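Structure first, commentary second.
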Amino acid sequence: MPFQQKPLNLAKELERKFPAEVLSTLREVGKFASQMGMTAYAVGGFVRDLLLGTPTLDIDIVVEGNGIALAQKLAQMWQADLTVHERFLTATLQWRLREPKSASTHAPIHACTLSRLDIATARKERYPKPAALPEVEPASILDDLWRRDFTINAMAICLDPKRFGELVDPTGGFDDLQRGIIRVLHERSFVDDPTRIFRAVRYEQRFGFKIERKTLRLICHARDESLLTKLSRDRIKHELWRILQERDPTKPMRRLSKLRILPVIAPELCVTTKRLEWMRRANEWLNWFAEKFPEKRLEREWALLLTLLPTAEAVDLFSQRYQLGESERECGLALLKALKRRTPKRPSSWVRWLNPLPLEAALVLAAKRSLPNDPLWQRYFLEWRWARPDITGEDLKACGVAGRAISIGLQAALAVKLDEGADASKQLEVALRRARQYQTSRR
Ligand code: ATP
């Protein structure tokens with residue numbers, strides 16, 4: 001980012017970067033908070049990303065006063081769904097419908113652009129013991145910013161009508177953003193919450209920043225003191241998964257490995273340059289597939305991790321450690337088995353080789369053997385994987401075929417269709433021949 005003077009007010013920037021509807025939502029949040037005797041702020045990643053010139057619609061609001069009461073009022077006005085977490089003093093507004101549920105002057109505006117808004121009461125946190133979840137109590141915006149992870153995430157923009165756009169930056173976040181630095185707010189930061197180690201690496205690698213020297217020392221210290229082992233498995237997995245969701249997950253993974261953090265949380269992961277390159281290509285294949293088949297859900301994170309799990313024991317250990325399901329484990333084992341085979345020539349052999357694999361495993365295998373623009377592999381995912389014969393089991397039954405011979409016959413029909421472009425009558429002929437051979441061999 002070009003070096004700038006710290007702005008005192010970001011109203012103009014907000015106007016430039018956001019559609020009018022979003023801006024009016026922010027103004028209304030500020031206005032209704034003020035009418036209820038409170039002050040609302042947009043905070044955290046929203047402010048950081050606005051200043052970085054990559055604005056996001058992921059908006060976190062913090063309220064000096066009672067965030068839940070404000071959220072209840074807004075939900076009622078805008079006819080949004082409301083979820084409240086009393087213990088954490090937070091609430092989430094969600095608009096499920098693009099159209100308003102009933103005639104309202106507010107709903108159409110808000111329902112069309114934002115899909116959710118997180119609202120929290122400004123709070124202080126107290127950590128009863130290292131790595132435990134904090135106890136929280138209402139506080140001022142400054143307290144709320146000082147409890148955050150890094151300076152670049154500890155800025156707020158005031159939404160109060162009289163101060164709309166005012167930047168609140170008590171910890172030097174703006175300067176660190178300019179310098180490209182990830183810096184914690186106090187010495188105990190990683191003791192209180194070691195998940196911040198993963199967050200530091202994630203932001204550093206996402207923005208091409210540098211973790212500041214003292215912060216880096218604190219990370220190494222936290223690692224050496226085994227603070228990470230105090231975290232629950234769920235929290236570590238959550239952070240690891242967020243890292244794997246980054247645009248290029250190989251960068252933070254490499255950094256975590258260099259910092260000797262991966263061996264602490266999962267010694268079975270084998271991080272080498274070659275495997276990271278495989279992961280990078282797997283990520284590209286997953287992106288390619290998601291674009292072609294947006295309706296298909298992929299377990300991307302697990303697929304990416306498979307590139308770092310070299311043996312069945314490693315797959316077992318990782319799945320047990322992070323309590324993954326049986327299907328994930330089987331996906332990993334199936335991949336290892338399929339990797340032992342050479343890439344076949346005939347399309348029907350591809351289908352026999354890859355169709356039994358979950359999509360994730362097939363895509364990771366594709367990444368091992370090819371680049372995402374490889375036409376043969378693309379053809380497998382676009383066509384062959386979904387191909388069916390032009391005849392059905394009923395056709396075979398009508399000719400007297402029964403039991404397992406039906407599926408054997410259908411497989412043969414698909415093979416001639418794919419390998420030779422056979423039409424339906426040829427497929428039927430081949431299927432019957434194969435099915436009868438099978439039946440004879442069983443007598
Ligand atoms: P991202 O782009 O990664 O989603 P974000 O800033 O929106 O970035 P969130 O995890 O949604 O990240 O958190 C929102 C804000 O809450 C952060 O900007 C930060 O101020 C604060 N925060 C989140 N996690 C922590 C933590 N572990 N410790 C302290 N503050 C945190």
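Order determines the names: the first chain of the structure tokens is A, the second B, and so forth; residues in each chain are numbered 1 upward, and ligands are numbered 1 upward as they are shown.
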
task: Please identify all polymer residues within 10 Å of range 264-276 of chain A, counting only C-alpha atoms, omitting same-chain residues fewer than 5 positions from it, and present them as a ChimeraX atom specification.
output: /A:223-224,226-229,231,233,236-237,240,249-251,253-254,256-258,281-282,304-311,313-318,321-322,368

query: Can you tell me which residues sit at most 10 Å away from ligand 1, counting only C-alpha atoms and all ligand atoms, written as an MDAnalysis selection string?
result: chainID A and resid 43:49 56:61 118 125 133:134 144:156 184:185 189:190 192:200 202:203 206 239 242:243 245:246

List the neighbours of Gln378 in chain A out to 12 Å using only C-alpha atoms; skip same-chain residues closer than 6 positions along the sequence, and give me the result as a PDB file with N, CA, C and O atoms, in the first residue's frame.
ATOM      1  N   TRP A 285      -6.572 -27.687  -9.012  1.00  0.00           N
ATOM      2  CA  TRP A 285      -7.561 -28.643  -9.537  1.00  0.00           C
ATOM      3  C   TRP A 285      -8.893 -28.474  -8.814  1.00  0.00           C
ATOM      4  O   TRP A 285      -9.960 -28.537  -9.432  1.00  0.00           O
ATOM      5  N   LEU A 286      -8.844 -28.276  -7.494  1.00  0.00           N
ATOM      6  CA  LEU A 286     -10.088 -28.092  -6.728  1.00  0.00           C
ATOM      7  C   LEU A 286     -10.808 -26.826  -7.194  1.00  0.00           C
ATOM      8  O   LEU A 286     -12.029 -26.814  -7.349  1.00  0.00           O
ATOM      9  N   TRP A 288     -10.555 -25.452 -10.162  1.00  0.00           N
ATOM     10  CA  TRP A 288     -11.067 -25.728 -11.508  1.00  0.00           C
ATOM     11  C   TRP A 288     -12.383 -26.488 -11.421  1.00  0.00           C
ATOM     12  O   TRP A 288     -13.371 -26.135 -12.061  1.00  0.00           O
ATOM     13  N   PHE A 289     -12.393 -27.513 -10.567  1.00  0.00           N
ATOM     14  CA  PHE A 289     -13.590 -28.349 -10.467  1.00  0.00           C
ATOM     15  C   PHE A 289     -14.763 -27.546  -9.886  1.00  0.00           C
ATOM     16  O   PHE A 289     -15.899 -27.652 -10.365  1.00  0.00           O
ATOM     17  N   LYS A 292     -16.403 -25.511 -12.473  1.00  0.00           N
ATOM     18  CA  LYS A 292     -17.188 -26.286 -13.436  1.00  0.00           C
ATOM     19  C   LYS A 292     -18.448 -26.873 -12.810  1.00  0.00           C
ATOM     20  O   LYS A 292     -19.459 -27.030 -13.465  1.00  0.00           O
ATOM     21  N   ALA A 362      -9.825 -38.247  -6.222  1.00  0.00           N
ATOM     22  CA  ALA A 362      -9.544 -38.260  -7.667  1.00  0.00           C
ATOM     23  C   ALA A 362      -8.876 -36.950  -8.087  1.00  0.00           C
ATOM     24  O   ALA A 362      -7.953 -36.945  -8.910  1.00  0.00           O
ATOM     25  N   LEU A 363      -9.321 -35.839  -7.506  1.00  0.00           N
ATOM     26  CA  LEU A 363      -8.725 -34.544  -7.878  1.00  0.00           C
ATOM     27  C   LEU A 363      -7.283 -34.421  -7.376  1.00  0.00           C
ATOM     28  O   LEU A 363      -6.412 -33.866  -8.047  1.00  0.00           O
ATOM     29  N   ALA A 366      -5.265 -36.396  -9.658  1.00  0.00           N
ATOM     30  CA  ALA A 366      -5.082 -35.634 -10.907  1.00  0.00           C
ATOM     31  C   ALA A 366      -3.921 -34.661 -10.734  1.00  0.00           C
ATOM     32  O   ALA A 366      -3.074 -34.506 -11.631  1.00  0.00           O
ATOM     33  N   ALA A 367      -3.871 -34.018  -9.562  1.00  0.00           N
ATOM     34  CA  ALA A 367      -2.826 -33.015  -9.317  1.00  0.00           C
ATOM     35  C   ALA A 367      -1.440 -33.647  -9.281  1.00  0.00           C
ATOM     36  O   ALA A 367      -0.443 -33.008  -9.615  1.00  0.00           O
ATOM     37  N   SER A 370      -0.790 -34.442 -13.265  1.00  0.00           N
ATOM     38  CA  SER A 370      -1.023 -33.497 -14.372  1.00  0.00           C
ATOM     39  C   SER A 370      -1.196 -32.069 -13.872  1.00  0.00           C
ATOM     40  O   SER A 370      -1.317 -31.826 -12.678  1.00  0.00           O
ATOM     41  N   LEU A 371      -1.252 -31.145 -14.821  1.00  0.00           N
ATOM     42  CA  LEU A 371      -1.619 -29.756 -14.524  1.00  0.00           C
ATOM     43  C   LEU A 371      -3.114 -29.605 -14.803  1.00  0.00           C
ATOM     44  O   LEU A 371      -3.667 -30.365 -15.590  1.00  0.00           O
ATOM     45  N   PRO A 372      -3.760 -28.581 -14.181  1.00  0.00           N
ATOM     46  CA  PRO A 372      -5.210 -28.476 -14.356  1.00  0.00           C
ATOM     47  C   PRO A 372      -5.655 -28.212 -15.784  1.00  0.00           C
ATOM     48  O   PRO A 372      -6.832 -28.285 -16.087  1.00  0.00           O
ATOM     49  N   TRP A 384     -16.168 -38.510 -18.550  1.00  0.00           N
ATOM     50  CA  TRP A 384     -16.104 -39.943 -18.285  1.00  0.00           C
ATOM     51  C   TRP A 384     -16.639 -40.317 -16.916  1.00  0.00           C
ATOM     52  O   TRP A 384     -17.289 -41.334 -16.758  1.00  0.00           O
ATOM     53  N   ARG A 385     -16.351 -39.472 -15.924  1.00  0.00           N
ATOM     54  CA  ARG A 385     -16.765 -39.847 -14.572  1.00  0.00           C
ATOM     55  C   ARG A 385     -18.285 -40.008 -14.478  1.00  0.00           C
ATOM     56  O   ARG A 385     -18.785 -40.768 -13.666  1.00  0.00           O
TER      57      ARG A 385
END

- request: Excluding range 398-406 of chain A and any residue of its chain fewer than 4 positions from it, enumerate the residues within 9 Å of it, using only C-alpha atoms, and give them as a list in words.
  value: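 The residues that qualify are Thr392, Gly393, Glu394, Leu410, Gln411, Ala431, Leu432, Arg434, Ala435, Arg436, Gln437, Tyr438 and Gln439 of chain A.
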
Dump of C-alpha atoms for the selected residues, as an mmCIF file, in the first residue's frame:
data_model
loop_
_atom_site.group_PDB
_atom_site.id
_atom_site.type_symbol
_atom_site.label_atom_id
_atom_site.label_comp_id
_atom_site.auth_asym_id
_atom_site.auth_seq_id
_atom_site.Cartn_x
_atom_site.Cartn_y
_atom_site.Cartn_z
ATOM 1 C CA THR A 392 -30.292 -50.193 -18.772
ATOM 2 C CA GLY A 393 -30.517 -53.195 -16.502
ATOM 3 C CA GLU A 394 -34.117 -53.569 -17.662
ATOM 4 C CA LEU A 410 -23.568 -52.791 -18.010
ATOM 5 C CA GLN A 411 -19.884 -52.236 -17.259
ATOM 6 C CA ALA A 431 -23.267 -56.432 -22.680
ATOM 7 C CA LEU A 432 -25.205 -59.614 -23.444
ATOM 8 C CA ARG A 434 -20.201 -60.453 -21.453
ATOM 9 C CA ALA A 435 -23.116 -61.194 -19.118
ATOM 10 C CA ARG A 436 -23.610 -64.644 -20.641
ATOM 11 C CA GLN A 437 -19.902 -65.418 -20.414
ATOM 12 C CA TYR A 438 -20.101 -64.539 -16.745
ATOM 13 C CA GLN A 439 -23.191 -66.688 -16.200
#

Per-residue DSSP, range 113-228 of chain A, filtered to alpha helix (DSSP H), as JSON, numbers by chain: {"A": [113, 141, 142, 143, 144, 145, 146, 173, 174, 175, 176, 177, 178, 179, 189, 190, 191, 192, 195, 196, 197, 198, 199, 200, 201, 202, 203, 204, 205, 206, 207, 213, 214, 215, 216, 217, 218, 219, 220, 221, 222, 223, 224]}

Could you name the residues that touch Thr39 in chain A at 6 Å or less, counting only C-alpha atoms, but leaving out those on the same chain fewer than 4 positions away, as a tab-separated table (two decimals) with N, CA, C and O atoms, in the first residue's frame?
chain	number	residue	atom	x	y	z
A	33	ALA	N	-28.39	2.89	17.08
A	33	ALA	CA	-27.61	2.74	18.31
A	33	ALA	C	-27.67	4.06	19.09
A	33	ALA	O	-27.95	4.07	20.30
A	34	SER	N	-27.47	5.15	18.38
A	34	SER	CA	-27.46	6.46	19.03
A	34	SER	C	-28.82	6.74	19.68
A	34	SER	O	-28.89	7.22	20.82
A	63	VAL	N	-20.70	-2.57	19.76
A	63	VAL	CA	-21.53	-1.51	20.32
A	63	VAL	C	-21.12	-1.22	21.76
A	63	VAL	O	-21.00	-2.15	22.56
A	64	GLU	N	-20.89	0.06	22.03
A	64	GLU	CA	-20.70	0.44	23.44
A	64	GLU	C	-22.10	0.54	24.02
A	64	GLU	O	-22.86	1.45	23.65
A	160	ASP	N	-21.56	6.42	14.69
A	160	ASP	CA	-22.48	7.39	15.30
A	160	ASP	C	-22.69	8.57	14.33
A	160	ASP	O	-21.71	9.03	13.72
